[in-house]
file data.txt (compact mmCIF, C-alpha atoms (C1' of nucleotides))
# COMPACT_ATOMS: atom_id res chain seq x y z
CA MET A 1 152.96 -28.87 34.29
CA THR A 2 152.31 -25.26 33.63
CA SER A 3 150.94 -26.09 30.22
CA THR A 4 148.63 -28.67 31.73
CA SER A 5 147.01 -26.15 34.02
CA ALA A 6 146.87 -23.66 31.16
CA GLU A 7 145.03 -26.14 29.01
CA SER A 8 142.59 -27.05 31.72
CA THR A 9 141.92 -23.36 32.27
CA ALA A 10 141.45 -22.92 28.55
CA SER A 11 139.01 -25.79 28.27
CA ALA A 12 136.96 -24.23 31.04
CA GLU A 13 135.98 -21.37 28.74
CA SER A 14 134.48 -21.42 25.29
CA PRO A 15 136.76 -21.79 22.28
CA THR A 16 135.87 -18.26 21.25
CA ARG A 17 136.81 -16.75 24.57
CA SER A 18 139.93 -18.83 24.65
CA ARG A 19 141.05 -17.51 21.29
CA THR A 20 140.30 -13.95 22.27
CA ARG A 21 142.25 -14.31 25.50
CA ARG A 22 145.18 -15.69 23.56
CA ALA A 23 145.07 -12.85 21.05
CA ILE A 24 145.15 -10.30 23.84
CA LEU A 25 148.04 -11.97 25.63
CA THR A 26 150.05 -12.25 22.44
CA ALA A 27 149.37 -8.66 21.47
CA ALA A 28 150.28 -7.50 24.95
CA ALA A 29 153.63 -9.28 24.86
CA THR A 30 154.45 -7.89 21.43
CA VAL A 31 153.39 -4.32 22.08
CA LEU A 32 154.77 -4.10 25.59
CA ALA A 33 158.10 -5.52 24.46
CA ARG A 34 158.53 -2.50 22.24
CA ASN A 35 157.02 0.07 24.55
CA ARG A 36 156.68 -0.76 28.18
CA SER A 37 154.27 2.08 28.80
CA ALA A 38 151.99 1.27 25.90
CA THR A 39 148.33 2.10 26.37
CA LEU A 40 145.63 -0.51 26.86
CA ALA A 41 144.03 1.01 23.78
CA GLU A 42 147.16 0.25 21.78
CA ILE A 43 147.22 -3.31 23.02
CA ALA A 44 143.55 -3.74 22.22
CA GLU A 45 144.12 -2.41 18.74
CA ALA A 46 147.06 -4.75 18.19
CA ALA A 47 144.85 -7.62 19.28
CA ALA A 48 142.12 -6.44 16.91
CA VAL A 49 139.77 -6.17 19.85
CA GLY A 50 137.84 -3.43 21.57
CA ARG A 51 139.30 -1.87 24.65
CA THR A 52 136.17 -2.93 26.50
CA THR A 53 136.91 -6.53 25.69
CA VAL A 54 140.35 -6.30 27.22
CA HIS A 55 138.76 -5.17 30.46
CA ARG A 56 136.36 -8.06 30.27
CA TYR A 57 139.25 -10.51 30.36
CA PHE A 58 141.64 -8.68 32.65
CA ALA A 59 140.25 -6.45 35.34
CA ASP A 60 143.42 -4.45 35.88
CA ARG A 61 146.28 -3.28 33.77
CA ASP A 62 148.37 -4.98 36.42
CA GLU A 63 146.47 -8.18 36.02
CA LEU A 64 146.99 -8.13 32.29
CA ILE A 65 150.71 -7.61 32.69
CA LYS A 66 151.03 -10.31 35.30
CA ALA A 67 149.11 -12.69 33.07
CA THR A 68 151.33 -11.79 30.14
CA VAL A 69 154.48 -12.36 32.17
CA ALA A 70 153.16 -15.67 33.42
CA ASP A 71 152.23 -16.66 29.89
CA SER A 72 155.68 -15.85 28.57
CA ILE A 73 157.35 -17.74 31.38
CA THR A 74 155.17 -20.72 30.66
CA ALA A 75 155.88 -20.57 26.95
CA ILE A 76 159.62 -20.36 27.42
CA GLY A 77 159.56 -22.99 30.14
CA ASP A 78 157.63 -25.40 27.98
CA SER A 79 159.99 -25.05 25.09
CA ILE A 80 162.95 -25.59 27.39
CA LEU A 81 161.38 -28.73 28.78
CA ASP A 82 160.74 -29.89 25.23
CA ALA A 83 164.45 -29.64 24.58
CA ARG A 84 165.12 -32.51 27.03
CA LEU A 85 168.28 -30.95 28.36
CA GLU A 86 169.11 -33.91 30.55
CA GLU A 87 169.49 -36.21 27.56
CA GLY A 88 172.56 -36.76 25.42
CA PRO A 89 175.87 -34.93 25.37
CA ALA A 90 175.89 -31.51 27.00
CA ARG A 91 176.99 -29.81 23.82
CA GLU A 92 174.12 -31.17 21.79
CA ALA A 93 171.68 -30.41 24.56
CA MET A 94 172.93 -26.84 24.51
CA HIS A 95 172.34 -26.67 20.78
CA ARG A 96 168.78 -27.78 21.33
CA LEU A 97 168.35 -25.26 24.10
CA ILE A 98 169.61 -22.35 22.03
CA THR A 99 167.44 -23.35 19.11
CA ALA A 100 164.42 -23.55 21.38
CA MET A 101 165.12 -20.17 22.93
CA VAL A 102 165.58 -18.47 19.60
CA ASP A 103 162.23 -19.78 18.52
CA THR A 104 160.49 -18.14 21.45
CA TYR A 105 162.43 -14.91 21.29
CA GLU A 106 159.31 -12.78 21.26
CA HIS A 107 158.53 -13.88 24.76
CA MET A 108 162.13 -13.35 25.78
CA MET A 109 162.10 -9.87 24.39
CA PHE A 110 159.08 -9.03 26.48
CA LEU A 111 160.43 -10.55 29.68
CA TRP A 112 163.77 -8.86 29.19
CA GLY A 113 162.16 -5.51 29.80
CA GLU A 114 160.25 -6.56 32.88
CA PRO A 115 162.84 -7.15 35.58
CA ALA A 116 160.50 -5.83 38.25
CA MET A 117 157.62 -7.97 37.05
CA LEU A 118 159.48 -11.22 37.45
CA GLU A 119 159.34 -10.70 41.18
CA LEU A 120 155.64 -10.00 41.04
CA ILE A 121 155.00 -13.60 40.14
CA ASP A 122 154.33 -15.81 43.08
CA PRO A 123 157.44 -17.99 43.34
CA ALA A 124 155.34 -20.80 44.74
CA ASP A 125 153.33 -20.96 41.55
CA ASN A 126 156.48 -21.06 39.52
CA PRO A 127 158.81 -23.84 40.62
CA ASP A 128 160.96 -22.92 37.66
CA ILE A 129 161.90 -26.42 36.74
CA ALA A 130 163.00 -25.01 33.43
CA ASP A 131 165.45 -22.60 34.97
CA ARG A 132 166.84 -25.32 37.15
CA SER A 133 167.31 -27.71 34.26
CA VAL A 134 169.26 -25.08 32.36
CA ARG A 135 171.57 -24.56 35.29
CA GLU A 136 171.99 -28.28 35.64
CA LEU A 137 172.91 -28.58 32.00
CA ILE A 138 175.54 -25.89 32.38
CA ALA A 139 177.00 -27.50 35.47
CA ARG A 140 176.97 -30.88 33.80
CA GLY A 141 178.74 -29.44 30.78
CA GLN A 142 181.40 -27.91 32.96
CA ALA A 143 181.89 -31.19 34.80
CA GLU A 144 182.20 -33.01 31.50
CA GLY A 145 184.85 -30.54 30.40
CA VAL A 146 182.72 -29.13 27.63
CA PHE A 147 181.97 -25.64 28.93
CA ASP A 148 184.44 -23.15 30.34
CA PRO A 149 184.94 -24.18 33.98
CA ASP A 150 186.59 -20.91 34.94
CA VAL A 151 183.43 -18.81 34.87
CA SER A 152 180.31 -19.21 36.98
CA VAL A 153 177.12 -20.97 36.03
CA ASP A 154 175.37 -17.62 36.44
CA TRP A 155 177.63 -15.97 33.96
CA ILE A 156 177.15 -18.68 31.37
CA GLN A 157 173.40 -18.56 31.81
CA GLN A 158 173.19 -14.80 31.56
CA THR A 159 175.44 -14.75 28.54
CA LEU A 160 173.22 -17.35 27.00
CA TRP A 161 170.13 -15.18 27.46
CA ALA A 162 171.93 -12.13 26.17
CA LEU A 163 173.17 -13.87 23.04
CA THR A 164 169.80 -15.43 22.37
CA TYR A 165 168.09 -12.12 22.79
CA THR A 166 170.57 -10.41 20.50
CA GLY A 167 170.15 -13.12 17.91
CA GLY A 168 166.39 -12.90 18.05
CA GLU A 169 166.49 -9.17 17.58
CA ALA A 170 168.91 -9.41 14.68
CA GLY A 171 166.63 -11.96 13.06
CA ALA A 172 163.59 -9.78 13.55
CA LYS A 173 165.37 -6.82 11.97
CA GLY A 174 166.42 -8.95 9.04
CA GLU A 175 170.09 -8.56 9.87
CA LEU A 176 170.42 -12.29 10.07
CA PRO A 177 168.61 -14.83 7.91
CA ARG A 178 165.80 -16.43 9.88
CA HIS A 179 167.27 -19.90 9.64
CA GLY A 180 170.77 -18.72 10.46
CA VAL A 181 170.01 -17.15 13.82
CA ALA A 182 170.41 -20.23 15.96
CA ALA A 183 173.55 -21.26 14.10
CA THR A 184 175.14 -17.86 14.60
CA VAL A 185 174.26 -17.74 18.26
CA ILE A 186 175.64 -21.24 18.78
CA ARG A 187 178.82 -20.38 16.93
CA THR A 188 179.39 -17.26 19.01
CA PHE A 189 178.46 -19.02 22.21
CA GLU A 190 180.97 -21.75 21.57
CA ARG A 191 183.85 -19.97 19.92
CA GLY A 192 183.45 -16.32 20.75
CA LEU A 193 184.39 -13.73 18.18
CA TYR A 194 188.11 -14.00 18.29
CA ARG A 195 189.80 -16.03 15.63
CA GLY A 196 193.00 -16.96 17.35
CA ASN A 197 195.66 -16.53 14.72
CA MET B 198 183.19 17.08 19.53
CA THR B 199 180.04 16.36 21.39
CA SER B 200 181.79 17.09 24.64
CA THR B 201 183.05 20.37 23.26
CA SER B 202 179.59 21.61 22.48
CA ALA B 203 178.40 20.28 25.81
CA GLU B 204 181.07 22.23 27.59
CA SER B 205 180.39 25.39 25.70
CA THR B 206 176.72 25.01 26.55
CA ALA B 207 177.67 24.41 30.13
CA SER B 208 179.91 27.44 30.32
CA ALA B 209 177.05 29.56 29.05
CA GLU B 210 175.23 29.06 32.35
CA SER B 211 176.35 29.63 35.88
CA PRO B 212 178.31 26.94 37.71
CA THR B 213 175.38 26.46 40.03
CA ARG B 214 172.90 25.88 37.26
CA SER B 215 175.34 23.65 35.51
CA ARG B 216 175.68 21.44 38.53
CA THR B 217 171.94 21.28 39.04
CA ARG B 218 171.38 20.35 35.42
CA ARG B 219 173.96 17.62 35.73
CA ALA B 220 172.38 16.25 38.90
CA ILE B 221 169.01 16.05 37.19
CA LEU B 222 170.38 14.32 34.11
CA THR B 223 172.28 11.79 36.18
CA ALA B 224 169.30 11.08 38.39
CA ALA B 225 167.08 10.73 35.36
CA ALA B 226 169.38 8.16 33.76
CA THR B 227 169.65 6.16 36.95
CA VAL B 228 165.98 6.21 37.86
CA LEU B 229 164.69 5.69 34.34
CA ALA B 230 167.06 2.80 33.77
CA ARG B 231 165.30 0.95 36.55
CA ASN B 232 161.79 2.13 35.82
CA ARG B 233 161.04 3.57 32.46
CA SER B 234 157.77 5.06 33.61
CA ALA B 235 159.16 6.72 36.68
CA THR B 236 157.52 9.94 37.77
CA LEU B 237 159.11 13.34 37.42
CA ALA B 238 158.64 13.62 41.16
CA GLU B 239 160.74 10.50 41.66
CA ILE B 240 163.45 11.84 39.41
CA ALA B 241 163.41 15.15 41.21
CA GLU B 242 163.71 13.39 44.54
CA ALA B 243 166.61 11.28 43.30
CA ALA B 244 168.31 14.45 42.16
CA ALA B 245 167.64 16.04 45.56
CA VAL B 246 165.80 18.82 43.82
CA GLY B 247 162.28 20.18 43.81
CA ARG B 248 159.95 19.09 41.07
CA THR B 249 159.57 22.72 40.13
CA THR B 250 163.26 22.96 39.47
CA VAL B 251 163.12 20.07 37.05
CA HIS B 252 160.53 21.96 35.04
CA ARG B 253 162.73 25.01 35.09
CA TYR B 254 165.46 23.11 33.29
CA PHE B 255 163.39 20.90 31.05
CA ALA B 256 160.05 22.14 29.80
CA ASP B 257 158.66 18.74 28.90
CA ARG B 258 159.01 15.25 30.18
CA ASP B 259 159.94 14.46 26.61
CA GLU B 260 162.59 17.11 26.59
CA LEU B 261 164.12 15.71 29.75
CA ILE B 262 164.22 12.24 28.30
CA LYS B 263 165.70 13.40 25.04
CA ALA B 264 168.33 15.36 26.93
CA THR B 265 169.12 12.33 29.07
CA VAL B 266 169.47 10.12 26.02
CA ALA B 267 171.70 12.65 24.35
CA ASP B 268 173.76 12.94 27.50
CA SER B 269 174.27 9.20 27.72
CA ILE B 270 175.22 8.97 24.08
CA THR B 271 177.72 11.72 24.59
CA ALA B 272 179.19 10.08 27.67
CA ILE B 273 179.58 6.72 25.98
CA GLY B 274 180.88 8.33 22.80
CA ASP B 275 183.50 10.26 24.71
CA SER B 276 184.77 7.23 26.50
CA ILE B 277 184.98 5.33 23.21
CA LEU B 278 186.97 8.13 21.66
CA ASP B 279 189.25 8.09 24.67
CA ALA B 280 190.02 4.47 23.92
CA ARG B 281 191.78 5.47 20.68
CA LEU B 282 190.52 2.48 18.78
CA GLU B 283 192.50 3.30 15.68
CA GLU B 284 195.80 2.85 17.47
CA GLY B 285 197.72 -0.38 18.03
CA PRO B 286 196.74 -4.00 17.35
CA ALA B 287 193.03 -4.62 16.91
CA ARG B 288 192.91 -7.07 19.75
CA GLU B 289 194.37 -4.63 22.25
CA ALA B 290 192.15 -1.86 20.97
CA MET B 291 189.18 -4.13 21.58
CA HIS B 292 190.34 -4.71 25.13
CA ARG B 293 190.45 -0.98 25.69
CA LEU B 294 187.02 -0.60 24.16
CA ILE B 295 185.45 -3.25 26.35
CA THR B 296 187.03 -1.80 29.44
CA ALA B 297 185.76 1.64 28.54
CA MET B 298 182.26 0.37 27.91
CA VAL B 299 182.10 -1.52 31.16
CA ASP B 300 183.05 1.64 32.98
CA THR B 301 180.10 3.54 31.56
CA TYR B 302 177.63 0.74 31.98
CA GLU B 303 175.13 2.93 33.81
CA HIS B 304 174.59 4.94 30.67
CA MET B 305 174.40 1.76 28.63
CA MET B 306 171.79 0.34 30.94
CA PHE B 307 169.65 3.40 30.46
CA LEU B 308 170.02 3.49 26.69
CA TRP B 309 169.36 -0.21 26.39
CA GLY B 310 165.82 0.34 27.53
CA GLU B 311 165.16 3.24 25.19
CA PRO B 312 165.18 1.73 21.71
CA ALA B 313 162.47 4.12 20.55
CA MET B 314 164.27 7.12 21.96
CA LEU B 315 167.40 6.54 19.94
CA GLU B 316 165.47 7.44 16.84
CA LEU B 317 164.12 10.56 18.48
CA ILE B 318 167.57 12.06 18.44
CA ASP B 319 168.25 14.13 15.39
CA PRO B 320 170.77 12.11 13.41
CA ALA B 321 172.27 15.31 12.07
CA ASP B 322 173.21 16.36 15.58
CA ASN B 323 174.80 13.02 16.20
CA PRO B 324 177.39 12.15 13.59
CA ASP B 325 178.21 9.16 15.73
CA ILE B 326 181.90 9.18 15.13
CA ALA B 327 182.17 6.83 18.05
CA ASP B 328 179.88 4.26 16.49
CA ARG B 329 181.76 4.49 13.24
CA SER B 330 185.12 4.02 14.91
CA VAL B 331 183.87 0.88 16.62
CA ARG B 332 182.73 -0.54 13.31
CA GLU B 333 186.03 0.37 11.75
CA LEU B 334 187.87 -1.41 14.50
CA ILE B 335 185.81 -4.52 13.96
CA ALA B 336 186.36 -4.46 10.22
CA ARG B 337 190.04 -3.85 10.70
CA GLY B 338 190.24 -6.76 13.10
CA GLN B 339 188.54 -9.02 10.62
CA ALA B 340 190.88 -7.91 7.87
CA GLU B 341 193.86 -8.57 10.11
CA GLY B 342 192.56 -12.06 10.78
CA VAL B 343 191.93 -11.36 14.44
CA PHE B 344 188.12 -11.41 14.59
CA ASP B 345 185.81 -14.02 13.15
CA PRO B 346 185.45 -13.11 9.46
CA ASP B 347 182.44 -15.33 8.94
CA VAL B 348 179.98 -13.15 10.82
CA SER B 349 178.94 -9.60 10.05
CA VAL B 350 180.27 -6.44 11.60
CA ASP B 351 176.76 -5.80 12.87
CA TRP B 352 176.66 -9.08 14.68
CA ILE B 353 180.00 -8.54 16.35
CA GLN B 354 179.01 -5.06 17.43
CA GLN B 355 175.67 -6.13 18.83
CA THR B 356 177.20 -9.06 20.64
CA LEU B 357 179.72 -6.67 22.07
CA TRP B 358 176.99 -4.42 23.48
CA ALA B 359 175.07 -7.37 24.82
CA LEU B 360 178.07 -8.86 26.59
CA THR B 361 179.10 -5.51 28.00
CA TYR B 362 175.62 -4.88 29.27
CA THR B 363 175.43 -8.32 30.81
CA GLY B 364 178.80 -7.83 32.45
CA GLY B 365 177.83 -4.46 33.83
CA GLU B 366 174.67 -5.86 35.31
CA ALA B 367 176.46 -8.81 36.83
CA GLY B 368 178.95 -6.42 38.38
CA ALA B 369 176.20 -4.23 39.77
CA LYS B 370 174.49 -7.22 41.32
CA GLY B 371 177.74 -8.35 42.87
CA GLU B 372 177.77 -11.55 40.87
CA LEU B 373 181.12 -10.61 39.43
CA PRO B 374 183.90 -8.82 41.30
CA ARG B 375 184.05 -5.21 40.19
CA HIS B 376 187.55 -5.51 38.81
CA GLY B 377 186.82 -8.80 37.09
CA VAL B 378 183.98 -7.63 34.91
CA ALA B 379 186.02 -6.40 31.98
CA ALA B 380 188.28 -9.46 32.11
CA THR B 381 185.31 -11.83 32.05
CA VAL B 382 183.63 -10.00 29.22
CA ILE B 383 186.85 -10.01 27.21
CA ARG B 384 187.38 -13.70 27.87
CA THR B 385 183.89 -14.59 26.74
CA PHE B 386 184.06 -12.28 23.78
CA GLU B 387 187.26 -13.87 22.58
CA ARG B 388 186.84 -17.52 23.43
CA GLY B 389 183.15 -18.07 23.93
CA LEU B 390 181.97 -20.48 26.56
CA TYR B 391 182.89 -23.75 24.96
CA ARG B 392 186.06 -25.39 26.05
CA GLY B 393 186.89 -27.46 23.03
CA ASN B 394 187.88 -30.82 24.46
C1' DC C 395 176.70 43.01 53.06
C1' DC C 396 173.71 43.38 49.26
C1' DA C 397 171.75 42.47 44.83
C1' DT C 398 171.04 38.83 41.99
C1' DT C 399 170.32 34.22 41.11
C1' DA C 400 168.45 29.86 42.17
C1' DT C 401 165.43 27.11 44.63
C1' DG C 402 161.39 24.86 47.19
C1' DG C 403 156.76 24.26 47.83
C1' DA C 404 151.94 25.15 47.73
C1' DA C 405 148.01 25.75 44.96
C1' DC C 406 145.73 25.18 40.77
C1' DA C 407 144.37 23.83 35.91
C1' DT C 408 144.77 20.35 32.49
C1' DT C 409 145.42 16.35 30.21
C1' DC C 410 145.21 11.45 29.64
C1' DA C 411 145.03 6.56 30.73
C1' DT C 412 142.13 3.91 33.27
C1' DG C 413 138.11 1.63 34.70
C1' DT C 414 132.96 1.19 34.48
C1' DT C 415 128.26 1.08 32.63
C1' DC C 416 124.97 0.44 29.12
C1' DC C 417 123.07 -0.80 24.83
C1' DA C 418 123.06 -2.13 20.05
C1' DT C 419 125.09 -5.45 16.97
C1' DT C 420 127.37 -9.53 15.53
C1' DC C 421 128.69 -14.15 16.07
C1' DT C 422 128.30 -19.00 17.51
C1' DG C 423 126.43 -23.31 18.04
C1' DA C 424 122.54 -26.26 18.65
C1' DT D 425 116.52 -20.30 12.56
C1' DC D 426 116.94 -18.80 17.14
C1' DA D 427 118.65 -18.08 21.82
C1' DG D 428 122.60 -17.15 24.26
C1' DA D 429 127.30 -15.69 24.06
C1' DA D 430 130.59 -12.34 22.81
C1' DT D 431 131.84 -8.07 21.18
C1' DG D 432 132.25 -3.01 19.99
C1' DG D 433 131.68 1.54 21.01
C1' DA D 434 129.91 5.57 23.18
C1' DA D 435 129.53 8.01 27.34
C1' DC D 436 131.01 8.96 31.74
C1' DA D 437 133.67 9.04 36.28
C1' DT D 438 138.10 8.95 38.44
C1' DG D 439 142.72 9.49 39.63
C1' DA D 440 147.32 10.45 38.84
C1' DA D 441 151.00 12.74 36.45
C1' DT D 442 151.91 16.86 34.20
C1' DG D 443 152.63 21.57 33.55
C1' DT D 444 152.09 26.43 35.33
C1' DT D 445 152.02 30.35 38.49
C1' DC D 446 153.28 32.73 42.50
C1' DC D 447 155.73 33.87 46.53
C1' DA D 448 158.84 33.21 50.29
C1' DT D 449 163.42 31.66 51.33
C1' DA D 450 168.14 30.36 50.64
C1' DA D 451 172.51 30.39 48.25
C1' DT D 452 175.91 32.79 45.36
C1' DG D 453 179.16 35.93 44.09
C1' DG D 454 180.96 40.46 43.72
call {"tool": "encode", "arguments": {"input": "data.txt", "output": "C-alpha cells"}}
result
Amino acid sequence: MTSTSAESTASAESPTRSRTRRAILTAAATVLARNRSATLAEIAEAAAVGRTTVHRYFADRDELIKATVADSITAIGDSILDARLEEGPAREAMHRLITAMVDTYEHMMFLWGEPAMLELIDPADNPDIADRSVRELIARGQAEGVFDPDVSVDWIQQTLWALTYTGGEAGAKGELPRHGVAATVIRTFERGLYRGN
Amino acid sequence: MTSTSAESTASAESPTRSRTRRAILTAAATVLARNRSATLAEIAEAAAVGRTTVHRYFADRDELIKATVADSITAIGDSILDARLEEGPAREAMHRLITAMVDTYEHMMFLWGEPAMLELIDPADNPDIADRSVRELIARGQAEGVFDPDVSVDWIQQTLWALTYTGGEAGAKGELPRHGVAATVIRTFERGLYRGN
DNA sequence: CCATTATGGAACATTCATGTTCCATTCTGA
DNA sequence: TCAGAATGGAACATGAATGTTCCATAATGG
C-alpha cells in the first residue's frame, strides 16, 4: 500500500533524483535520531550532498522532517506487513515481528524521538494497518493463552517497542552481537529477567 | 554525596535565590523533556520567571542544560541510594529500585532524550556511585541465581531503564493506574510477557 | 520601616540556521 | 559526443533565539 505509492512516486522522477532523495531521507533519519536539532547542513553533509540540493528536494525543514517521519513509518509498516502476523501460532508470529523490528531499528530510533511529529502526519494518509495488525496479534495471543492476559494490549505493545529499541541500540553499540539481538529481545520479552529459583 | 554538595551550594545563596534556581531547573527538565529545542522564553514562562532572570542564573543555554542534566542525575542517584540496594535479598532490592525509579520518572524522561548531554558532564564530578550500585545488585542477583545469568549486566540494566521509562510514560498518559505502574513494571521485568502454556 | 536583594521588562546588538538566487561544473543518457 | 539534467557552492536576505544592558519596581529580612 504505502510502498506502492512510494514506488510510483519514485518512478515519476529520474533514477538519479530518486537515489538522491533516498540518500537525503536516510541521512536525515540517522542524523536526527542522534540529534533532534541537527542542522540542515549537517544532514546534507551526512548525505554527501550540498545544502542547496536538500532545499531542491524539500522546501522546508518541516517538510523534510515530515517526509522523513513518513518514510520511517512506511519502512517499519512494510516490514511488519512482511512478517505476516496473522499467520501461524501467535508465538512464532511474535518472533517474526521482533526480528523484523530489530532489522529496522534505525527508523525506530528516529521515530522514538519524534513524539510530536507523529501527530503531524495526516491520519487519513496513514491507516496504520501495521499498527492494527500488531495489536490484533497481541490480542490473539492473549486469547490463545500465549501472552500474559493480565496486562493490557497497550502495555504489551509499548514494552515490545521499548525492548526492540533497547536491543537495537545495544546492537549498534556493539554490546550485543549483531545476530544475537533478536534472540535476546525475544528471550527477555518471553521470560523476563527473573530466573525463578 | 552529590546531594551534600548540592545542599552546600544551595546554602551559599539566599533562600529566595535557591527557590528560584530550583524552579528554573524543574521547569527546564519538564519543558525540555517534551521539546528538546524549547526556547529559553518558554522555559522562563514555565518557571513563572522573566527571561532575564534565567540569564542571571545561567549564563548560557548550554550551562542551563548542563545544570539540568546534572540535577536530574543527582535526583535519580539520590533516590537509588535511598533504596539501599546492598541490603536484603536481591529480588526485594530490585523491587525497591524499580519503585524508586518510577517515582522519579520525570527526570528519567528528560535524561532519556539527552544522550549527547550525558557525555558533556565531567565524569570526574560524577563518580556515579548510584550506577555502580545498580550494577552490583544485578551481578549479585545473578550470582544468587535470582536473575537470568545468560544475559549481560548491561542488558539487564538497559532493559530496566527502558521498562521503567515505558511504565512512567504509561502512567503519565493515564494508561496505567498511578499506583499500578511499579507493580506492572516489576511483573514484566520478572516474568516477561509470555505465559508459558 | 529601610536598605538590600531579587526581579521584570523593554530595548538593543549579535549570532546562526534558514531559505533563496545565480552561475559554473559535473554527470547522465541518448 | 552533445544536450539536458543535476549538482555544488558562493553570496545574500531574513528571521528568530540568544545574550546584554539598564532602569523601575517589588519582595525580603533585619
call {"tool": "interface_residues", "arguments": {"input": "data.txt", "of": "chain A", "to": "chain C", "cutoff": "12 Å", "atoms": "all atoms listed in the file", "output": "VMD selection string"}}
result
chain A and resid 14 to 17 37 to 42 51 to 52 54 to 56 58 to 62
call {"tool": "interface_residues", "arguments": {"input": "data.txt", "of": "chain B", "to": "chain A", "cutoff": "8 Å", "atoms": "only C-alpha atoms", "output": "PyMOL selection string"}}
result
chain B and resi 233-234+310+312-313+342-345+348+351-353+355-356+359-360+363+367+372+381+385-394
call {"tool": "atom_distance", "arguments": {"input": "data.txt", "atom1": "CA of Val378 (chain B)", "atom2": "CA of Met101 (chain A)"}}
result
25.6 Å
call {"tool": "axis_aligned_box", "arguments": {"input": "data.txt", "around": "region 96-102 of chain A", "padding_each_side": "8 Å", "output": "AutoDock Vina command-line options"}}
result
--center_x 167.0 --center_y -23.1 --center_z 21.6 --size_x 21.2 --size_y 25.3 --size_z 21.0
call {"tool": "atom_distance", "arguments": {"input": "data.txt", "atom1": "CA of Glu210 (chain B)", "atom2": "CA of Asp268 (chain B)"}}
result
16.9 Å
call {"tool": "interface_residues", "arguments": {"input": "data.txt", "of": "chain D", "to": "chain B", "cutoff": "9 Å", "atoms": "only C-alpha atoms (C1' of nucleotides)", "output": "VMD selection string"}}
result
chain D and resid 441 to 443 452
call {"tool": "residues_around", "arguments": {"input": "data.txt", "residues": "Ala226 (chain B)", "least_positions_apart": "3", "cutoff": "10 Å", "atoms": "only C-alpha atoms (C1' of nucleotides)", "output": "PyMOL selection string"}}
result
chain B and resi 221-223+229-233+240+262+264-266+268-269+303-308
call {"tool": "atom_distance", "arguments": {"input": "data.txt", "atom1": "CA of Ala47 (chain A)", "atom2": "CA of Arg178 (chain A)"}}
result
24.6 Å
call {"tool": "decode", "arguments": {"input": "data.txt", "residues": "region 157-171 of chain A", "atoms": "N, CA and C atoms", "output": "PDB file, in the first residue's frame"}}
result
ATOM      1  N   GLN A 157       2.317  -3.866  23.818  1.00  0.00           N
ATOM      2  CA  GLN A 157       2.853  -3.226  22.619  1.00  0.00           C
ATOM      3  C   GLN A 157       3.975  -2.245  22.961  1.00  0.00           C
ATOM      4  N   GLN A 158       3.732  -1.433  23.973  1.00  0.00           N
ATOM      5  CA  GLN A 158       4.755  -0.446  24.327  1.00  0.00           C
ATOM      6  C   GLN A 158       6.021  -1.103  24.848  1.00  0.00           C
ATOM      7  N   THR A 159       5.846  -2.173  25.605  1.00  0.00           N
ATOM      8  CA  THR A 159       7.013  -2.901  26.084  1.00  0.00           C
ATOM      9  C   THR A 159       7.794  -3.473  24.913  1.00  0.00           C
ATOM     10  N   LEU A 160       7.037  -3.947  23.956  1.00  0.00           N
ATOM     11  CA  LEU A 160       7.648  -4.501  22.754  1.00  0.00           C
ATOM     12  C   LEU A 160       8.524  -3.469  22.055  1.00  0.00           C
ATOM     13  N   TRP A 161       7.984  -2.265  21.860  1.00  0.00           N
ATOM     14  CA  TRP A 161       8.768  -1.205  21.228  1.00  0.00           C
ATOM     15  C   TRP A 161      10.008  -0.899  22.054  1.00  0.00           C
ATOM     16  N   ALA A 162       9.787  -0.778  23.351  1.00  0.00           N
ATOM     17  CA  ALA A 162      10.900  -0.399  24.230  1.00  0.00           C
ATOM     18  C   ALA A 162      12.012  -1.433  24.180  1.00  0.00           C
ATOM     19  N   LEU A 163      11.637  -2.700  24.226  1.00  0.00           N
ATOM     20  CA  LEU A 163      12.658  -3.754  24.200  1.00  0.00           C
ATOM     21  C   LEU A 163      13.364  -3.777  22.850  1.00  0.00           C
ATOM     22  N   THR A 164      12.599  -3.635  21.803  1.00  0.00           N
ATOM     23  CA  THR A 164      13.194  -3.631  20.471  1.00  0.00           C
ATOM     24  C   THR A 164      14.173  -2.482  20.319  1.00  0.00           C
ATOM     25  N   TYR A 165      13.743  -1.340  20.779  1.00  0.00           N
ATOM     26  CA  TYR A 165      14.599  -0.161  20.710  1.00  0.00           C
ATOM     27  C   TYR A 165      15.879  -0.376  21.506  1.00  0.00           C
ATOM     28  N   THR A 166      15.724  -0.896  22.696  1.00  0.00           N
ATOM     29  CA  THR A 166      16.891  -1.144  23.544  1.00  0.00           C
ATOM     30  C   THR A 166      17.834  -2.144  22.890  1.00  0.00           C
ATOM     31  N   GLY A 167      17.250  -3.182  22.318  1.00  0.00           N
ATOM     32  CA  GLY A 167      18.064  -4.182  21.632  1.00  0.00           C
ATOM     33  C   GLY A 167      18.805  -3.585  20.448  1.00  0.00           C
ATOM     34  N   GLY A 168      18.109  -2.787  19.681  1.00  0.00           N
ATOM     35  CA  GLY A 168      18.744  -2.165  18.523  1.00  0.00           C
ATOM     36  C   GLY A 168      19.904  -1.286  18.929  1.00  0.00           C
ATOM     37  N   GLU A 169      19.702  -0.525  19.984  1.00  0.00           N
ATOM     38  CA  GLU A 169      20.769   0.342  20.466  1.00  0.00           C
ATOM     39  C   GLU A 169      21.956  -0.469  20.956  1.00  0.00           C
ATOM     40  N   ALA A 170      21.682  -1.519  21.707  1.00  0.00           N
ATOM     41  CA  ALA A 170      22.761  -2.362  22.229  1.00  0.00           C
ATOM     42  C   ALA A 170      23.545  -2.968  21.068  1.00  0.00           C
ATOM     43  N   GLY A 171      22.822  -3.372  20.031  1.00  0.00           N
ATOM     44  CA  GLY A 171      23.495  -3.932  18.866  1.00  0.00           C
ATOM     45  C   GLY A 171      24.370  -2.901  18.182  1.00  0.00           C
TER      46      GLY A 171
END
